[in-house]
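> Please read through the structure below; I'll follow up with questions.
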There are 2 protein chains.
Amino acid sequence: MLEVTEKIKPCVRELRAYALTPERAAVKLNQNENPWDAPERIKQESLRRLQARSWSRYPDFVPASLHARLAEFAGWQPEGIIAGNGSNELIQALLMVTIGEGKRVLICEPTFALYRQIAIVLGGEVASVPLDAGLKYDVAAVREKMHTIEPDVTILCAPNNPTGCGIDAPELVSLLENTGGLVAVDEAYFEFAARTVAPLLERHKNLVVFRTFSKAMGLAALRVGYLMAAPEIARETAKAVLPYNLNAVSQTIAEVALELYESELLPQVTRIIAERQRLYAGLQTIEGLEAVRSEANFMVVRSRIKPCLVFEELLRRDILIRDVSGYPLLQDYFRVSVGTPGENDLLVTALQEIFA
Amino acid sequence: MLEVTEKIKPCVRELRAYALTPERAAVKLNQNENPWDAPERIKQESLRRLQARSWSRYPDFVPASLHARLAEFAGWQPEGIIAGNGSNELIQALLMVTIGEGKRVLICEPTFALYRQIAIVLGGEVASVPLDAGLKYDVAAVREKMHTIEPDVTILCAPNNPTGCGIDAPELVSLLENTGGLVAVDEAYFEFAARTVAPLLERHKNLVVFRTFSKAMGLAALRVGYLMAAPEIARETAKAVLPYNLNAVSQTIAEVALELYESELLPQVTRIIAERQRLYAGLQTIEGLEAVRSEANFMVVRSRIKPCLVFEELLRRDILIRDVSGYPLLQDYFRVSVGTPGENDLLVTALQEIFA
């Protein structure tokens, strides 16, 4: 008899699972989260609305009230917006409606591992352009590769996870105009860069932008993300988005967060940006470390000591970071999220000890 | 210049979106929900745990504590369980790792529309066997079709939405042993049938079972479902499940619901089963209606008056049902969920008026 896994597609069987060993520590700087809990006003108002709602009834088929608030927040038309169970779900949906056997996805590496993973599960081919020596986007090389392989979808993360590099609007336009395919820009961290490519949506119908509530919005536990695109692209992508994909609780809390963004969350973002600068300066004083400037709420750091050893030493001191040495180009690097001022001080002090 | 939707796969472009017109009514019998809100003890304990948790931190990479509770609840090994954002997400994941161009999915119709939708988005071919004249599974015809087309995945919904028919274990075994493919059984409504095919998992490694918290568990707003399968199938399917797919709130509430199932939810299930019998009897007294016996918390009803007119007349009386006349074989039918005793009385009285 055949093995039962024979029925699994070979492209899946050959794939290594995307996994993260669960580690715990008092200072958690490994997942680029907002280091502060959601503000009390957001929690209280959310819990009040939740208590009042029936839990046994389905959420809205399409979360129209959230779409309307997102449209206002992001300055894009509601017909071109889809909210989902984290931006990952929407990246997957876009690839489901575009990618299959014989289809090509172009990415730049190192980047967020999930783009490659999803494309391969769907039977697509993945081509990759390395970042340049400064760990920035090599836009000329991407344009060149677009000519060679004619990708159906190109995915850029800006600011890029894990390197923190962004992309300038004119360069992105040169890519949008250089391809017959779609260009997806994952803006999970755009609030920390204080810039966005969203204004390009108006003129470039092959641009798709992804955003999340898991970083600046402080709601990683809730899993909310959204997609912005031309309405005709949103309409087709929606066919791969499952009905009731966004639970009613997360929808409600996301609405509250948007209502209170200016007063409650924007001040946190401002503090994180200031802390990023302070953390960068602190790390640069340590001999054996070379931090890389970042537009996000994290940065990669080149280390004289093997990243896996730094990881272990920090974990012994109850600080959790991310060893990214398995990523292309990053064999000598680890990644740290920007924490609270106190957490960043603890990190710098611990690294001073380790590198003394 | 090419239309931007040229980059969308033709199988998707040709697909009509799965949609539901949002209608509201005081008596909502159109989505097979538990008619009672989640019990107050479940709500209070859930809100207490939520308040205590940080919302800015990611949920568990794998919701191990929920998997452990599900394993105990369902009598299956945790390594063979995946919890997700509704069972739909897990059905999609199973099809993502098995279906692509040239792959075949076998379903019986009428059934839940999403199986066909997902298979087609993934580029698969869908073959369908009609239910028999009594709206029951025609198992001999399914076996026959299995020989002809050799499906990679066969999907059965038991009890079936929208007809309420179940499948006997010996018949399911005859299918499991008759195919080289996987057989997925969607048990969204199994609690109301008081029977399950889960004990067959032990001997039949090609069986995959899906369940949900949206029906008997009274948590449709929260979107929680789970898959049970041989550990090797679960491991491969997990490669198409996005990290952090289940938000922390829904995970927490699902755990509370499992802890309090016997005392808080099982009595609701018992009442719904009793109400199903009472509603069936009430409908049978109305000339021009012929209700179909169901193992679920809903039933289809054959109607002398056009289903769309019955729908309109009931909506005028603030009662929402589902017009299923667009489904194969069901041109003369509507579907009603079993509501609270009061809601069922209102429905029967309204139908008596309409058919008087």
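Order determines the names: the first chain of the structure tokens is A, the second B, and so forth; residues in each chain are numbered 1 upward, and ligands are numbered 1 upward as they are shown.
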As a tab-separated table (two decimals) with N, CA and C atoms, in the first residue's frame, could you give me every residue of chain A near chain B (at most 7 Å apart, counting only C-alpha atoms)?


```
chain	number	residue	atom	x	y	z
A	4	VAL	N	0.44	7.13	3.05
A	4	VAL	CA	-0.69	8.05	2.96
A	4	VAL	C	-0.22	9.45	2.55
A	5	THR	N	1.02	9.79	2.86
A	5	THR	CA	1.51	11.11	2.47
A	5	THR	C	1.80	11.21	0.96
A	7	LYS	N	-0.29	11.36	-1.14
A	7	LYS	CA	-1.32	12.25	-1.68
A	7	LYS	C	-0.98	13.73	-1.45
A	8	ILE	N	0.06	13.98	-0.69
A	8	ILE	CA	0.52	15.36	-0.49
A	8	ILE	C	1.39	15.73	-1.69
A	9	LYS	N	1.23	16.93	-2.21
A	9	LYS	CA	1.99	17.36	-3.38
A	9	LYS	C	3.50	17.32	-3.06
A	12	VAL	N	5.22	20.26	-1.49
A	12	VAL	CA	4.94	20.45	-0.06
A	12	VAL	C	5.78	19.49	0.77
A	13	ARG	N	5.81	18.23	0.34
A	13	ARG	CA	6.55	17.22	1.11
A	13	ARG	C	8.02	17.61	1.26
A	17	ALA	N	9.10	22.72	7.32
A	17	ALA	CA	8.06	23.53	7.96
A	17	ALA	C	8.67	24.82	8.50
A	20	LEU	N	9.15	28.02	14.79
A	20	LEU	CA	9.85	28.89	15.73
A	20	LEU	C	9.85	28.16	17.06
A	33	GLU	N	7.48	43.06	18.23
A	33	GLU	CA	6.19	43.50	18.74
A	33	GLU	C	6.32	44.92	19.32
A	34	ASN	N	5.20	45.57	19.49
A	34	ASN	CA	5.15	46.80	20.27
A	34	ASN	C	5.44	46.39	21.72
A	36	TRP	N	4.95	47.81	24.49
A	36	TRP	CA	3.93	48.16	25.48
A	36	TRP	C	2.64	47.40	25.17
A	37	ASP	N	1.93	47.05	26.20
A	37	ASP	CA	0.62	46.43	26.00
A	37	ASP	C	-0.31	47.45	25.35
A	38	ALA	N	-1.39	46.97	24.75
A	38	ALA	CA	-2.40	47.90	24.23
A	38	ALA	C	-2.82	48.84	25.36
A	54	SER	N	-23.37	39.31	20.98
A	54	SER	CA	-23.59	37.87	21.05
A	54	SER	C	-22.39	37.14	20.45
A	55	TRP	N	-21.88	36.16	21.17
A	55	TRP	CA	-20.73	35.40	20.68
A	55	TRP	C	-21.14	34.23	19.78
A	56	SER	N	-22.40	33.87	19.84
A	56	SER	CA	-22.82	32.70	19.07
A	56	SER	C	-23.20	33.06	17.63
A	57	ARG	N	-23.19	34.35	17.31
A	57	ARG	CA	-23.57	34.78	15.96
A	57	ARG	C	-22.34	35.08	15.12
A	58	TYR	N	-22.40	34.73	13.85
A	58	TYR	CA	-21.27	34.97	12.94
A	58	TYR	C	-20.91	36.45	12.87
A	59	PRO	N	-19.63	36.73	12.61
A	59	PRO	CA	-19.24	38.12	12.30
A	59	PRO	C	-19.85	38.52	10.96
A	61	PHE	N	-20.20	39.14	7.12
A	61	PHE	CA	-19.66	38.40	5.97
A	61	PHE	C	-18.46	39.17	5.41
A	88	ASN	N	-0.62	38.07	6.81
A	88	ASN	CA	-0.20	36.81	6.19
A	88	ASN	C	-1.33	36.17	5.38
A	96	MET	N	-2.69	32.86	-3.84
A	96	MET	CA	-3.61	31.80	-4.29
A	96	MET	C	-4.29	32.15	-5.61
A	97	VAL	N	-4.62	33.41	-5.81
A	97	VAL	CA	-5.34	33.77	-7.05
A	97	VAL	C	-4.39	34.07	-8.21
A	98	THR	N	-3.09	34.08	-7.94
A	98	THR	CA	-2.14	34.40	-9.02
A	98	THR	C	-1.14	33.28	-9.30
A	121	VAL	N	4.28	26.18	-1.64
A	121	VAL	CA	3.12	25.32	-1.36
A	121	VAL	C	2.14	25.37	-2.54
A	122	LEU	N	2.03	26.54	-3.16
A	122	LEU	CA	1.09	26.70	-4.27
A	122	LEU	C	1.65	26.18	-5.59
A	152	ASP	N	5.19	36.81	-12.20
A	152	ASP	CA	3.77	37.12	-12.10
A	152	ASP	C	3.53	38.03	-10.91
A	181	GLY	N	3.66	42.12	-14.26
A	181	GLY	CA	3.09	41.42	-13.13
A	181	GLY	C	2.66	42.36	-12.02
A	205	LYS	N	-2.01	50.39	-10.96
A	205	LYS	CA	-3.02	49.38	-10.64
A	205	LYS	C	-2.41	48.02	-10.37
A	206	ASN	N	-1.11	47.87	-10.62
A	206	ASN	CA	-0.47	46.58	-10.32
A	206	ASN	C	0.24	46.59	-8.96
A	214	SER	N	-0.23	44.21	14.01
A	214	SER	CA	0.58	43.45	14.96
A	214	SER	C	1.81	44.20	15.45
A	218	GLY	N	0.00	47.55	18.12
A	218	GLY	CA	0.04	46.88	19.42
A	218	GLY	C	-0.96	45.75	19.61
A	219	LEU	N	-1.35	45.10	18.52
A	219	LEU	CA	-2.40	44.07	18.64
A	219	LEU	C	-1.98	42.73	18.03
A	220	ALA	N	-0.73	42.33	18.25
A	220	ALA	CA	-0.26	41.06	17.68
A	220	ALA	C	-1.12	39.88	18.11
A	221	ALA	N	-1.63	39.93	19.34
A	221	ALA	CA	-2.45	38.82	19.85
A	221	ALA	C	-3.74	38.65	19.06
A	222	LEU	N	-4.18	39.74	18.40
A	222	LEU	CA	-5.50	39.74	17.77
A	222	LEU	C	-5.52	39.31	16.32
A	223	ARG	N	-4.38	39.39	15.65
A	223	ARG	CA	-4.27	38.97	14.25
A	223	ARG	C	-5.20	39.75	13.32
A	232	GLU	N	-10.45	46.19	-8.67
A	232	GLU	CA	-10.60	44.96	-9.45
A	232	GLU	C	-9.67	43.85	-8.95
A	233	ILE	N	-8.50	44.25	-8.42
A	233	ILE	CA	-7.59	43.25	-7.84
A	233	ILE	C	-8.14	42.77	-6.49
A	236	GLU	N	-10.94	40.23	-7.07
A	236	GLU	CA	-10.47	38.88	-7.43
A	236	GLU	C	-9.80	38.20	-6.24
A	239	LYS	N	-11.91	36.37	-3.65
A	239	LYS	CA	-12.42	35.02	-3.94
A	239	LYS	C	-11.62	33.94	-3.22
A	240	ALA	N	-10.42	34.26	-2.80
A	240	ALA	CA	-9.60	33.29	-2.06
A	240	ALA	C	-9.60	33.60	-0.57
A	242	LEU	N	-11.51	33.44	2.82
A	242	LEU	CA	-12.62	32.64	3.32
A	242	LEU	C	-13.68	33.53	3.96
A	247	ASN	N	-12.52	37.30	12.81
A	247	ASN	CA	-13.46	37.09	13.91
A	247	ASN	C	-13.97	38.44	14.43
A	248	ALA	N	-15.12	38.39	15.09
A	248	ALA	CA	-15.80	39.61	15.52
A	248	ALA	C	-15.03	40.36	16.59
A	249	VAL	N	-14.31	39.63	17.43
A	249	VAL	CA	-13.55	40.27	18.51
A	249	VAL	C	-12.42	41.11	17.91
```

> Name the residues in contact with segment 132-142 of chain A at a cut-off of 9 Å, using only C-alpha atoms, excluding same-chain residues fewer than 6 positions from it; report them as a list of chain:residue names.

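Those residues are A:Leu106, A:Ile107, A:Cys108, A:Pro110, A:Asn160, A:Thr163, A:Gly164, A:Cys165, A:Gly166, A:Ile167, A:Glu171, A:Leu172, A:Ser174, A:Leu175, A:Val292, A:Leu329.
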
> Residues within 7 Å of Arg302 of chain B, please, as JSON, numbers by chain. Count only C-alpha atoms; anything in the same chain fewer than 6 positions from it doesn't count.

{"B": [289, 290, 291, 332, 333, 334]}

> Can you write out the residues you just picked, keeping N, CA, C and O atoms, as a short mmCIF file (atom, residue, chain, number, x, y, z; two decimals), in the first residue's frame?


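The result, written out as part-v4.cif:
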```
data_model
loop_
_atom_site.label_atom_id
_atom_site.label_comp_id
_atom_site.auth_asym_id
_atom_site.auth_seq_id
_atom_site.Cartn_x
_atom_site.Cartn_y
_atom_site.Cartn_z
N LEU B 289 -46.06 22.13 2.87
CA LEU B 289 -44.67 22.00 3.32
C LEU B 289 -44.34 20.55 3.60
O LEU B 289 -45.19 19.79 4.07
N GLU B 290 -43.12 20.18 3.31
CA GLU B 290 -42.67 18.82 3.60
C GLU B 290 -41.24 18.92 4.13
O GLU B 290 -40.29 19.11 3.37
N ALA B 291 -41.10 18.82 5.45
CA ALA B 291 -39.78 18.94 6.08
C ALA B 291 -39.00 17.64 5.90
O ALA B 291 -39.59 16.56 5.81
N ASP B 332 -37.05 23.51 -4.96
CA ASP B 332 -38.32 23.76 -4.25
C ASP B 332 -38.13 23.88 -2.73
O ASP B 332 -39.10 23.76 -1.98
N TYR B 333 -36.90 24.08 -2.27
CA TYR B 333 -36.64 23.99 -0.83
C TYR B 333 -36.14 25.30 -0.23
O TYR B 333 -35.45 26.08 -0.89
N PHE B 334 -36.46 25.49 1.05
CA PHE B 334 -35.75 26.48 1.87
C PHE B 334 -35.16 25.76 3.07
O PHE B 334 -35.49 24.59 3.34
#
```

> Return the single residue from B:Leu200, B:Ile82, B:Val301, B:Leu176 that is closest to Leu330 of chain B, with distances computed using only C-alpha atoms.

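Smallest separation from Leu330 of chain B among the options: B:Val301.
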
> Which one of B:Leu279, B:Val310, B:Val300, B:Ile155 sits closest to Gly342 of chain B if you count only C-alpha atoms?

B:Leu279

> With only C-alpha atoms as the basis for distance, which of B:Ile321, B:Val209, B:Leu315, B:Leu266 is at the shortest distance from Met299 of chain B?

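Nearest candidate to Met299 of chain B out of B:Ile321, B:Val209, B:Leu315, B:Leu266: B:Ile321.
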
> If you run DSSP on the backbone, which residues of segment 127-347 of chain B are strand (DSSP E or B), as a compact mmCIF listing (two decimals) with N, CA, C and O atoms, in the first residue's frame?


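The result, written out as selection.txt:
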```txt
# COMPACT_ATOMS: atom_id res chain seq x y z
N ALA B 127 -15.39 16.93 -9.30
CA ALA B 127 -16.44 16.03 -9.76
C ALA B 127 -17.47 15.92 -8.66
O ALA B 127 -17.16 16.04 -7.48
N SER B 128 -18.70 15.69 -9.06
CA SER B 128 -19.79 15.74 -8.10
C SER B 128 -20.75 14.58 -8.31
O SER B 128 -21.09 14.25 -9.44
N VAL B 129 -21.17 13.96 -7.22
CA VAL B 129 -22.18 12.91 -7.26
C VAL B 129 -23.43 13.49 -6.57
O VAL B 129 -23.33 13.99 -5.46
N PRO B 130 -24.59 13.41 -7.23
CA PRO B 130 -25.78 13.96 -6.57
C PRO B 130 -26.23 13.10 -5.40
O PRO B 130 -26.01 11.88 -5.39
N VAL B 153 -8.79 13.88 -3.33
CA VAL B 153 -9.50 14.14 -2.07
C VAL B 153 -11.00 14.01 -2.32
O VAL B 153 -11.51 14.54 -3.31
N THR B 154 -11.68 13.31 -1.43
CA THR B 154 -13.14 13.25 -1.45
C THR B 154 -13.62 13.98 -0.20
O THR B 154 -13.07 13.78 0.88
N ILE B 155 -14.59 14.86 -0.35
CA ILE B 155 -15.09 15.62 0.80
C ILE B 155 -16.56 15.32 1.04
O ILE B 155 -17.39 15.44 0.14
N LEU B 156 -16.86 14.91 2.27
CA LEU B 156 -18.24 14.68 2.68
C LEU B 156 -18.53 15.55 3.89
O LEU B 156 -17.69 15.69 4.77
N CYS B 157 -19.72 16.09 3.94
CA CYS B 157 -20.14 16.88 5.09
C CYS B 157 -21.18 16.03 5.82
O CYS B 157 -22.16 15.61 5.22
N LEU B 182 -7.39 10.85 -0.13
CA LEU B 182 -7.85 11.19 1.22
C LEU B 182 -9.37 11.35 1.21
O LEU B 182 -9.95 11.70 0.19
N VAL B 183 -9.99 11.08 2.34
CA VAL B 183 -11.41 11.34 2.51
C VAL B 183 -11.58 12.29 3.69
O VAL B 183 -11.18 11.99 4.81
N ALA B 184 -12.11 13.47 3.40
CA ALA B 184 -12.28 14.48 4.44
C ALA B 184 -13.75 14.52 4.84
O ALA B 184 -14.63 14.60 3.98
N VAL B 185 -14.01 14.44 6.13
CA VAL B 185 -15.39 14.50 6.62
C VAL B 185 -15.54 15.75 7.48
O VAL B 185 -14.85 15.92 8.48
N ASP B 186 -16.43 16.62 7.04
CA ASP B 186 -16.68 17.87 7.75
C ASP B 186 -17.77 17.61 8.79
O ASP B 186 -18.94 17.44 8.46
N LEU B 207 -8.22 9.22 6.45
CA LEU B 207 -9.38 9.98 6.92
C LEU B 207 -8.94 11.28 7.59
O LEU B 207 -8.00 11.31 8.38
N VAL B 208 -9.60 12.36 7.23
CA VAL B 208 -9.37 13.67 7.87
C VAL B 208 -10.72 14.18 8.35
O VAL B 208 -11.70 14.15 7.60
N VAL B 209 -10.79 14.60 9.60
CA VAL B 209 -12.07 15.07 10.17
C VAL B 209 -11.94 16.54 10.54
O VAL B 209 -10.94 16.96 11.14
N PHE B 210 -12.95 17.34 10.17
CA PHE B 210 -13.00 18.76 10.52
C PHE B 210 -14.13 19.03 11.50
O PHE B 210 -15.21 18.45 11.37
N ARG B 211 -13.88 19.89 12.45
CA ARG B 211 -14.93 20.30 13.39
C ARG B 211 -14.86 21.80 13.65
O ARG B 211 -13.86 22.43 13.32
N THR B 212 -15.90 22.32 14.27
CA THR B 212 -15.98 23.77 14.46
C THR B 212 -16.52 24.13 15.84
O THR B 212 -17.20 23.32 16.46
N GLY B 225 -11.91 26.39 14.62
CA GLY B 225 -12.20 25.06 14.12
C GLY B 225 -10.99 24.19 14.35
O GLY B 225 -9.94 24.69 14.77
N TYR B 226 -11.14 22.88 14.10
CA TYR B 226 -9.97 22.02 14.20
C TYR B 226 -10.05 20.87 13.25
O TYR B 226 -11.12 20.52 12.74
N LEU B 227 -8.87 20.34 12.97
CA LEU B 227 -8.72 19.20 12.06
C LEU B 227 -8.15 18.05 12.87
O LEU B 227 -7.33 18.26 13.77
N MET B 228 -8.60 16.84 12.55
CA MET B 228 -8.00 15.65 13.14
C MET B 228 -7.60 14.70 12.02
O MET B 228 -8.39 14.45 11.10
N LEU B 289 -46.06 22.13 2.87
CA LEU B 289 -44.67 22.00 3.32
C LEU B 289 -44.34 20.55 3.60
O LEU B 289 -45.19 19.79 4.07
N GLU B 290 -43.12 20.18 3.31
CA GLU B 290 -42.67 18.82 3.60
C GLU B 290 -41.24 18.92 4.13
O GLU B 290 -40.29 19.11 3.37
N ALA B 291 -41.10 18.82 5.45
CA ALA B 291 -39.78 18.94 6.08
C ALA B 291 -39.00 17.64 5.90
O ALA B 291 -39.59 16.56 5.81
N PHE B 298 -30.61 22.16 11.78
CA PHE B 298 -31.35 22.84 10.70
C PHE B 298 -32.03 21.75 9.90
O PHE B 298 -31.73 20.55 10.08
N MET B 299 -32.93 22.15 9.02
CA MET B 299 -33.50 21.17 8.08
C MET B 299 -33.93 21.89 6.82
O MET B 299 -34.16 23.11 6.85
N VAL B 300 -34.00 21.15 5.71
CA VAL B 300 -34.57 21.73 4.50
C VAL B 300 -36.04 21.35 4.46
O VAL B 300 -36.45 20.31 4.99
N VAL B 301 -36.81 22.22 3.82
CA VAL B 301 -38.25 22.04 3.77
C VAL B 301 -38.70 22.24 2.33
O VAL B 301 -38.39 23.27 1.72
N ARG B 302 -39.41 21.24 1.80
CA ARG B 302 -39.95 21.36 0.44
C ARG B 302 -41.22 22.21 0.52
O ARG B 302 -42.04 22.02 1.42
N SER B 303 -41.35 23.12 -0.41
CA SER B 303 -42.40 24.12 -0.29
C SER B 303 -43.21 24.22 -1.58
O SER B 303 -42.65 24.30 -2.68
N ILE B 319 -38.41 37.43 10.27
CA ILE B 319 -37.79 36.10 10.42
C ILE B 319 -36.90 35.85 9.21
O ILE B 319 -37.34 35.98 8.06
N LEU B 320 -35.65 35.50 9.47
CA LEU B 320 -34.68 35.30 8.39
C LEU B 320 -34.39 33.81 8.23
O LEU B 320 -33.99 33.14 9.19
N ARG B 322 -33.00 30.68 5.06
CA ARG B 322 -32.11 30.61 3.90
C ARG B 322 -32.84 30.01 2.72
O ARG B 322 -33.38 28.90 2.81
N ASP B 323 -32.86 30.77 1.64
CA ASP B 323 -33.42 30.25 0.39
C ASP B 323 -32.32 29.42 -0.27
O ASP B 323 -31.30 29.96 -0.70
N TYR B 333 -36.90 24.08 -2.27
CA TYR B 333 -36.64 23.99 -0.83
C TYR B 333 -36.14 25.30 -0.23
O TYR B 333 -35.45 26.08 -0.89
N PHE B 334 -36.46 25.49 1.05
CA PHE B 334 -35.75 26.48 1.87
C PHE B 334 -35.16 25.76 3.07
O PHE B 334 -35.49 24.59 3.34
N ARG B 335 -34.24 26.42 3.76
CA ARG B 335 -33.60 25.83 4.93
C ARG B 335 -33.87 26.69 6.15
O ARG B 335 -33.79 27.92 6.06
N VAL B 336 -34.20 26.06 7.25
CA VAL B 336 -34.38 26.80 8.51
C VAL B 336 -33.45 26.21 9.58
O VAL B 336 -33.28 25.00 9.69
N SER B 337 -32.83 27.08 10.35
CA SER B 337 -32.08 26.64 11.53
C SER B 337 -33.07 26.39 12.65
O SER B 337 -34.14 27.00 12.70
```

> Check the smallest atom-to-atom distance from each of A:Pro307, A:Gly282, A:Gly102, A:Gly326 to Thr349 of chain A using only C-alpha atoms, then report the winner.

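Once distances to Thr349 of chain A are computed over only C-alpha atoms, the minimum belongs to A:Gly282.
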
> To one decimal in Å, tell me the separation between atom CA of Ile272 of chain B and atom CA of Glu23 of chain B.

23.7 Å

> Please report, as a ChimeraX atom specification, each residue of segment 187-333 of chain A to which DSSP assigns helix (DSSP H, G or I) when run on this structure's backbone.

/A:190-193,198-201,231-240,248-259,261-284,307-316

> Just how far from atom CA of Val256 of chain A is atom CA of Trp76 of chain A, in Å to one decimal?

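That distance, rounded to one decimal, is 19.3 Å.
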